[in-house]
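Undergrad: One structure, as structure tokens, below. Some questions next.
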Amino acid sequence: MAGYLFRRLVQSALILLGVSFITFVLLYVLPADPVRQIAGRSATAQTVENIRTQLGLDQPLLVQYGRYLAGLVQGDMGRSYLQKTEVSTLIAARLPASLLLMVGGIACELVIGLTLGVVAAVWRGRPLDQGLMVTSFVAVSAPQFVVGLLLLYVFAVQLGWFPIGGYGTAAHLVLPAVTLGIMGSGWYSRMMRSSMIDVLRQDYIRTARAKGLTRSRVLMRHALPNAILPIIAMIGIDIGIFMGGIVVVESVFGWPGIGQLAWQAIQRVDIPIIMGVTMVSAAAIVLGNLLADIITPLVDPRIRLR
Amino acid sequence: MKKLLLSTAFLAAALPALAQEYTPDPNAKPGGMITVTYKDDVATLDPAIGYDWQNWSMIKSLFDGLMDYVPGTTELRPGLASAYEINENGTVFTFTLREGVTFHNGRVMTAEDVKYSLDRVTNPETQSPGAGFFASIAGYDEMASGTATSLSGVEVIDPQTVKITLSRPDATFLHVMALNFASVVPKEAVEEYGTDFGKHPVGTGAFKLGEWSIGQRLVFEKNADYWRDGVPYLDGVTFEVGQEPIVALLRLQQGEVDVPGDGIPPAKFQEVMGDPEQAARVVEGGQLHTGYITLNVAMEPLDKLPVREAINMAINKERITQIINGRAVPATQPLPPSMPGYTEGYEGYAFGVEAAKAKLEEAGLSDGFSTELYVMNTDPNPRIAQAIQQDLKAIGVDVDIRSLAQANVIEAGGAGQAPMIWSGGMAWIADFPDPSNFYGPILGCAGAGEGGWNWSKFCDESIDDMATKADSMTDPSDPERLKMWSDVYMKVMEEAPWVPVFNEQRYTMKSARMGGDDALYVDPVSIPVNYDYVYVTE
């Protein structure tokens, strides 16, 4: 286990190094000049060159990357070109909101997705199952912007049950988390359905039935724990998907997370922020996958890590 | 007092508008908070750095410069200076400061602070996008090249007097001193916070920063010791950021928001204007904006004048204004109509497909040609680009639309790679209400170099000379000077490096409880509203 963990941690570090290099190169070759954005439209050529030199952007790519990396390993992500604030401060101020939304979103998609999946599996082939699967297909495909605005309009504006966007209380979290959850629930319900159908065909389920156990007991105690196993690994992967989807949801609901920060930075070619958010997101994804791999053998003794 | 009279006497001749002061609203009552929303987070509140329309008005309420504008107008009035004198040839400005003005930290503002602030904004290490505006101050070049750390042209005479010497006459200098970049900042606060001063602003303005939760909200609190009597009326302003314009509108309709800072979303514009109750709370006004198509005079076949004229004639500007729900008026020339120096009665290039084709024939291109149009990829700009594409198709010109992010379009324009650019989303909005502001960086030789904002790469030295001459006159509103500027833009139109398309109108929506003159809601300097002078009625 310790050897496995060590290997995975080294792998993770290498992945992050690769991500940082690729992102840095992509931003470097981008046909947009960050110095122009800083210097503004009225700047003289001299001002532009001064700023370029001060930021070290006149240096070759590898020198710039080396400097960035040297800072990064010491925990210094640099300063925003346009805000002049430390990138770490900006991300730290917004990360809790994004993590909260992600946890809320995962909770929602699990509750919605697993329930629907079980229901569909039990009544498989019936109209209820078919209806649910079509719904889940729509849920997966619906643009989050539309789902978010629809929920906002119905439950916040018309019914007044929740605040119209914003951040602060549990009530603020519900609609954005449900919006994220609806998208994810589509996948989970399908995964859960097929996994459940698979499990329900197993011999031990037949045995349990033959023992005379009630249908709900068979379902909850014998089928569900086994059917849920493959789902756990998905949660880790989900963190990555959420990092993408969160940008849209954050903007619809005015949720002050890192998605908004990244979006605005991309518009203005604020490279230190783009790099910072990319690295934090990549770290979250790598960590999520790592956690999924560690948790799986704990819940399923058949799997061993070596 | 004698000095004040003297200076006003001089200026009464020079700037008749300047003597006007703002009459406070008799109905205004103090108190109350308002909520303003924005989609984008506020980048900085450092007056030397902030240069977008969102933080511009916020910084204006936190800081003051020596000069200011009469609320709701483009007329200059003294700010932190109580009086000023200008020498005969317009190269020495002596400002007398108001007595007893204090910064938000309680310290009294002095002439040393004025000098420090100007040194700071022109120091290359500050990386101020506004440094170039101060180029006429003596000693600027030494600052820009890094051989000096202080402007030799700015002298502290005594704690209440500062003398600024220019290296050349600059008609726009008083406007420059009213820019946010010329705001007076306290040295000790800048040094305490360093580059984070933009998150911890300390000024002399009507409001001070109370709270800033990054990505969520900023709260401005009334500065009870503000040096202007009676204002601000509001106890404070809450800026909520990260709000989509459409969500902001829904919240306004629910009474949760007072002013949606990003305006009415285009998709909802007709719905709002069609409802008399809501339309009554929308204030319309002009703004110092022109939307244009740049024609790169260095690229074939746009280097031929008849081709550029043909394109000017082919564009149906009326139809393009319809695409944006009529929120603009068709333009004939680079200057917007409310700008001094605008040429009344000039019709521009009349729309006509046949005339345009004839011009192409004159250029030997009767079969047309293919070219590219760069455009920013946010609505409504791609739709406008399609209209331009159709208009040019009608005269046989095939246009390939390159729809890109703003920074990429700016890069292509600066590098001279773009044959045509539709300026939407990046269009010029004046920094100050003077005709010169539409020339230098976007039509003059100064901006035509690599990376400059003159995307036409148009550079005519004889026109540049005219512009320089007009700007060396001391009085910005001298009719002779305005005539010279009018001539400059007419000469530019003869060469047709642009297709001026429209001048956008501004529409500010407000909640029912907001009070104050309509002009305050379309203030040309403070967008969306002038926070210092608006009030609430309940």
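Following the order of the structure tokens, chains are lettered A, B, ..., residues in each are numbered from 1, and ligands are numbered from 1.
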So which bits of segment 190-321 of chain B end up helix (DSSP H, G or I) when you DSSP the backbone, as number ranges by chain?
TA: B: 190-199, 245-253, 266-274, 276-279, 305-314, 317-321
Undergrad: At a cut-off of 8 Å, list the chain A residues touching chain B, using only C-alpha atoms, as JSON, numbers by chain.
TA: {"A": [31, 32, 33, 36, 37, 38, 39, 40, 41, 42, 43, 44, 45, 46, 47, 50, 51, 54, 82, 83, 84, 85, 90, 93, 94, 157, 164, 165, 166, 167, 251, 252, 253, 254, 255, 256, 257, 260, 261, 264, 267, 268, 269]}
Undergrad: Please, what distance in Å, to one decimal, runs between atom CA of Ala81 of chain B and atom CA of Thr110 of chain B?
TA: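 Separation between atom CA of Ala81 of chain B and atom CA of Thr110 of chain B: 10.7 Å.
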Undergrad: Rank B:Gln54, B:Thr290, B:Asn503, B:Gln333 by their smallest atom-to-atom distance to Gly261 of chain B, using only C-alpha atoms, and report the top residue only.
TA: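 The answer is B:Gln54, which sits nearest to Gly261 of chain B.
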Undergrad: Using only C-alpha atoms, determine which residues lie at most 12 Å from Ala178 of chain B, disregarding the query and same-chain residues fewer than 3 positions distant; provide the list as a PyMOL selection string.
TA: chain B and resi 47+60+63-70+74-81+133-134+172-175+181-184+431-433+525
Undergrad: To test your reading of the structure, identify every residue in segment 48-290 of chain B that backbone DSSP assigns to strand (DSSP E or B), and report it as JSON, numbers by chain.
TA: {"B": [67, 68, 69, 76, 77, 78, 81, 82, 83, 84, 85, 86, 92, 93, 94, 95, 96, 97, 102, 108, 137, 154, 155, 156, 157, 158, 161, 162, 163, 164, 165, 166, 207, 208, 209, 210, 211, 212, 213, 217, 218, 219, 220, 221, 222, 236, 237, 238, 239, 240, 241, 259, 260, 282, 283, 284, 285, 286, 289, 290]}
Undergrad: Would you list the contacts of Asp270 of chain A as a list in words, taking every protein, DNA or RNA residue within 7 Å and counting only C-alpha atoms, but skipping same-chain residues closer than 4 positions in sequence?
TA: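 The residues that qualify are Pro34, Ser80, Tyr81, Leu82, Ala265, Ile266 and Ile274 of chain A.
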Undergrad: Applying 12 Å and only C-alpha atoms, which residues near Ala418 of chain B remain after dropping the ones on its own chain fewer than 4 positions away? List them as a count of residues only.
TA: 32
Undergrad: Excluding same-chain residues fewer than 6 positions from segment 130-132 of chain A, what lies within 9 Å of it counting only C-alpha atoms, as a PyMOL selection string?
TA: chain A and resi 116-117+119-120+124+189
Undergrad: With N, CA and C atoms retained, write the just-selected residues as a short mmCIF file (atom, residue, chain, number, x, y, z; two decimals), in the first residue's frame.
TA:
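In the end it all went to part03.cif:
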data_model
loop_
_atom_site.label_atom_id
_atom_site.label_comp_id
_atom_site.auth_asym_id
_atom_site.auth_seq_id
_atom_site.Cartn_x
_atom_site.Cartn_y
_atom_site.Cartn_z
N LEU A 116 -32.94 7.37 -8.97
CA LEU A 116 -33.55 7.09 -10.26
C LEU A 116 -33.02 5.78 -10.84
N GLY A 117 -31.73 5.55 -10.67
CA GLY A 117 -31.12 4.34 -11.22
C GLY A 117 -31.71 3.08 -10.60
N VAL A 119 -34.64 2.81 -9.07
CA VAL A 119 -36.06 2.70 -9.46
C VAL A 119 -36.15 2.12 -10.88
N ALA A 120 -35.32 2.64 -11.77
CA ALA A 120 -35.37 2.19 -13.16
C ALA A 120 -34.99 0.72 -13.26
N ARG A 124 -37.35 -2.38 -14.58
CA ARG A 124 -36.73 -2.30 -15.90
C ARG A 124 -37.65 -2.82 -17.00
N SER A 189 -27.64 7.85 -13.01
CA SER A 189 -28.82 7.00 -13.06
C SER A 189 -28.59 5.87 -14.06
#
Undergrad: Between A:Ala284, A:Ile22, A:Leu200, A:Gly104, which is the closest to Val122 of chain A once you count only C-alpha atoms?
TA: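 Answer, going by the shortest atom-to-atom distance: A:Leu200.
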